[in-house]
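The structure appears below as structure tokens.
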Amino acid sequence: TFKISDTLKQIRNAYFGLYSPEGKYVYKQEFILEPGELELDLKKGDKKSTISGGKYNDLIYTPLKSDEAYANRKKALSDFSNTLTQESFQIDSVRERYSEFSKAVKDFELNYYQRIFNSPKDTLAQLLVFHKLGYKDAIEPRLDAFENQFGKD
């Protein structure tokens, strides 16, 4: 258990990363760094974490993490991945099957983030999910609105 506190100048996307004592990457959790009290719960030996607290974490990440259809796709990918070896991944049909599971997860996420981005209710939420969409063409028509609200930076 630990606590981090600071004065936040700007709401932004952030990552909490775990590394072994040797410096080897173990796990990362994406979240929105925003004013207020946020709680990250990471279960020992489990890569399923939760982040709670904050308007934008609750708006962007909580609904996705609690969506049963999304969880089923993630589990199918994880279950299949756990059966793979380096040798089995060399087989075209195995790689293709892995790609199908991975694409199902990515497509679900993309559709979810597009719904937030296409909603004009909250420009900051749109900006926070933009990097998840993977393309710049969608933001160019909205740059003026973003700049008016947030400034050129």
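Chain lettering (A, B, ...) mirrors the order of the structure tokens, residue numbering begins at 1 for each chain separately, and ligand numbering begins at 1 in order of display.
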
I'd like a table as a tab-separated table: residues in region 40-86 of chain A with an atom no more than 10 Å from region 1-25 of chain A, each row giving the shortest atom pair and its distance in Å to one decimal, only C-alpha atoms counted, sorted by chain and rising residue number.
residue	atom	partner	partner_atom	distance
A:Leu40	CA	A:Phe16	CA	8.8
A:Asp41	CA	A:Thr1	CA	9.5
A:Tyr56	CA	A:Ile11	CA	9.0
A:Asn57	CA	A:Asn13	CA	9.8

File of the preceding selection, N, CA and C atoms, as an mmCIF file, in the first residue's frame:
data_model
loop_
_atom_site.group_PDB
_atom_site.id
_atom_site.type_symbol
_atom_site.label_atom_id
_atom_site.label_comp_id
_atom_site.auth_asym_id
_atom_site.auth_seq_id
_atom_site.Cartn_x
_atom_site.Cartn_y
_atom_site.Cartn_z
ATOM 1 N N LEU A 40 -5.993 2.364 -7.182
ATOM 2 C CA LEU A 40 -5.594 1.287 -8.073
ATOM 3 C C LEU A 40 -5.481 0.031 -7.230
ATOM 4 N N ASP A 41 -6.193 -1.005 -7.632
ATOM 5 C CA ASP A 41 -6.167 -2.271 -6.903
ATOM 6 C C ASP A 41 -5.604 -3.336 -7.830
ATOM 7 N N TYR A 56 -13.250 11.029 -15.066
ATOM 8 C CA TYR A 56 -12.872 10.481 -16.367
ATOM 9 C C TYR A 56 -12.507 9.005 -16.308
ATOM 10 N N ASN A 57 -11.950 8.529 -15.220
ATOM 11 C CA ASN A 57 -11.738 7.086 -15.077
ATOM 12 C C ASN A 57 -13.080 6.374 -15.070
#

Fewer than 4 positions away in the same chain doesn't count, so skip those; otherwise give me all residues within 10 Å of Phe80 (chain A), counting only C-alpha atoms, as a list in words.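 Listed by chain and then number, they are Lys74, Lys75, Ala76, Leu84, Val94, Arg97, Tyr98 and Phe101 of chain A.
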
According to DSSP computed on the backbone, where in region 14-100 of chain A is there strand (DSSP E or B)? Give the residues as a PyMOL selection string. chain A and resi 14-19+25-33+39-42+49-52

File of the preceding selection, C-alpha atoms, as a PDB file, in the first residue's frame:
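Listed below is the output, selection_20.pdb:
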ATOM      1  CA  ALA A  14      -1.112   8.043 -17.448  1.00  0.00           C
ATOM      2  CA  TYR A  15       0.268   4.582 -16.726  1.00  0.00           C
ATOM      3  CA  PHE A  16       1.116   2.848 -13.501  1.00  0.00           C
ATOM      4  CA  GLY A  17       3.916   0.370 -14.149  1.00  0.00           C
ATOM      5  CA  LEU A  18       5.269  -2.524 -12.135  1.00  0.00           C
ATOM      6  CA  TYR A  19       8.812  -3.777 -12.569  1.00  0.00           C
ATOM      7  CA  TYR A  25       8.675  -5.099 -16.962  1.00  0.00           C
ATOM      8  CA  VAL A  26       5.861  -6.962 -15.184  1.00  0.00           C
ATOM      9  CA  TYR A  27       2.612  -5.062 -15.735  1.00  0.00           C
ATOM     10  CA  LYS A  28       1.107  -1.673 -16.561  1.00  0.00           C
ATOM     11  CA  GLN A  29      -2.292  -0.136 -15.922  1.00  0.00           C
ATOM     12  CA  GLU A  30      -3.558   2.787 -17.952  1.00  0.00           C
ATOM     13  CA  PHE A  31      -5.679   5.378 -16.176  1.00  0.00           C
ATOM     14  CA  ILE A  32      -6.624   9.049 -16.260  1.00  0.00           C
ATOM     15  CA  LEU A  33      -4.552  11.195 -13.922  1.00  0.00           C
ATOM     16  CA  GLU A  39      -7.477   3.936  -6.132  1.00  0.00           C
ATOM     17  CA  LEU A  40      -5.594   1.287  -8.073  1.00  0.00           C
ATOM     18  CA  ASP A  41      -6.167  -2.271  -6.903  1.00  0.00           C
ATOM     19  CA  LEU A  42      -3.786  -4.873  -8.287  1.00  0.00           C
ATOM     20  CA  SER A  49      -6.436  -4.552 -11.894  1.00  0.00           C
ATOM     21  CA  THR A  50      -9.061  -1.943 -11.268  1.00  0.00           C
ATOM     22  CA  ILE A  51      -8.856   1.811 -11.084  1.00  0.00           C
ATOM     23  CA  SER A  52     -11.619   3.682  -9.338  1.00  0.00           C
TER      24      SER A  52
END

Tell me, in Å to one decimal, how far CA of Leu38 (chain A) is from CA of Gly54 (chain A). 6.3 Å

DSSP alpha helix (DSSP H) residues within chain A, as number ranges by chain: A: 55-56, 62-65, 68-82, 92-117, 123-133, 143-150

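Residues in contact range of Ile116 (chain A), defined as at most 10 Å between only C-alpha atoms, with sequence neighbours fewer than 6 positions away removed, read A:Leu59, A:Ile60, A:Asp122, A:Thr123, A:Ala125, A:Gln126, A:Leu127, A:Leu128, A:Val129, A:Phe130.
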
Those same residues - C-alpha atoms - I'd like them written as a compact mmCIF listing (two decimals), in the first residue's frame.
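Listed below is the output, result.txt:
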# COMPACT_ATOMS: atom_id res chain seq x y z
CA LEU A 59 -16.50 7.64 -17.67
CA ILE A 60 -13.85 6.00 -19.84
CA ASP A 122 -17.43 16.19 -23.23
CA THR A 123 -14.56 17.54 -25.30
CA ALA A 125 -13.18 12.92 -22.83
CA GLN A 126 -12.87 13.05 -26.62
CA LEU A 127 -9.31 14.27 -26.30
CA LEU A 128 -8.42 11.63 -23.69
CA VAL A 129 -9.57 8.75 -25.92
CA PHE A 130 -8.23 10.13 -29.19

At what distance in Å, to one decimal, does CA of Lys65 (chain A) lie from CA of Tyr113 (chain A)?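 The value is 12.6 Å.
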
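Ranking A:Glu100, A:Glu140, A:Asp92, A:Asp58 by their shortest atom-to-atom distance to Leu77 (chain A), with only C-alpha atoms included, puts A:Glu100 first.
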
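Each of A:Arg115, A:Lys55, A:Lys103, A:Lys152 was compared to Leu133 (chain A) using only C-alpha atoms, and A:Arg115 turns out to be the nearest.
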
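Here CA of Glu34 (chain A) stands at a distance of 25.7 Å from CA of Ala71 (chain A).
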
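Closest approach to Gln149 (chain A) from the set A:Thr62, A:Asn118, A:Ser93, A:Leu124 is made by A:Leu124, with distances taken over only C-alpha atoms.
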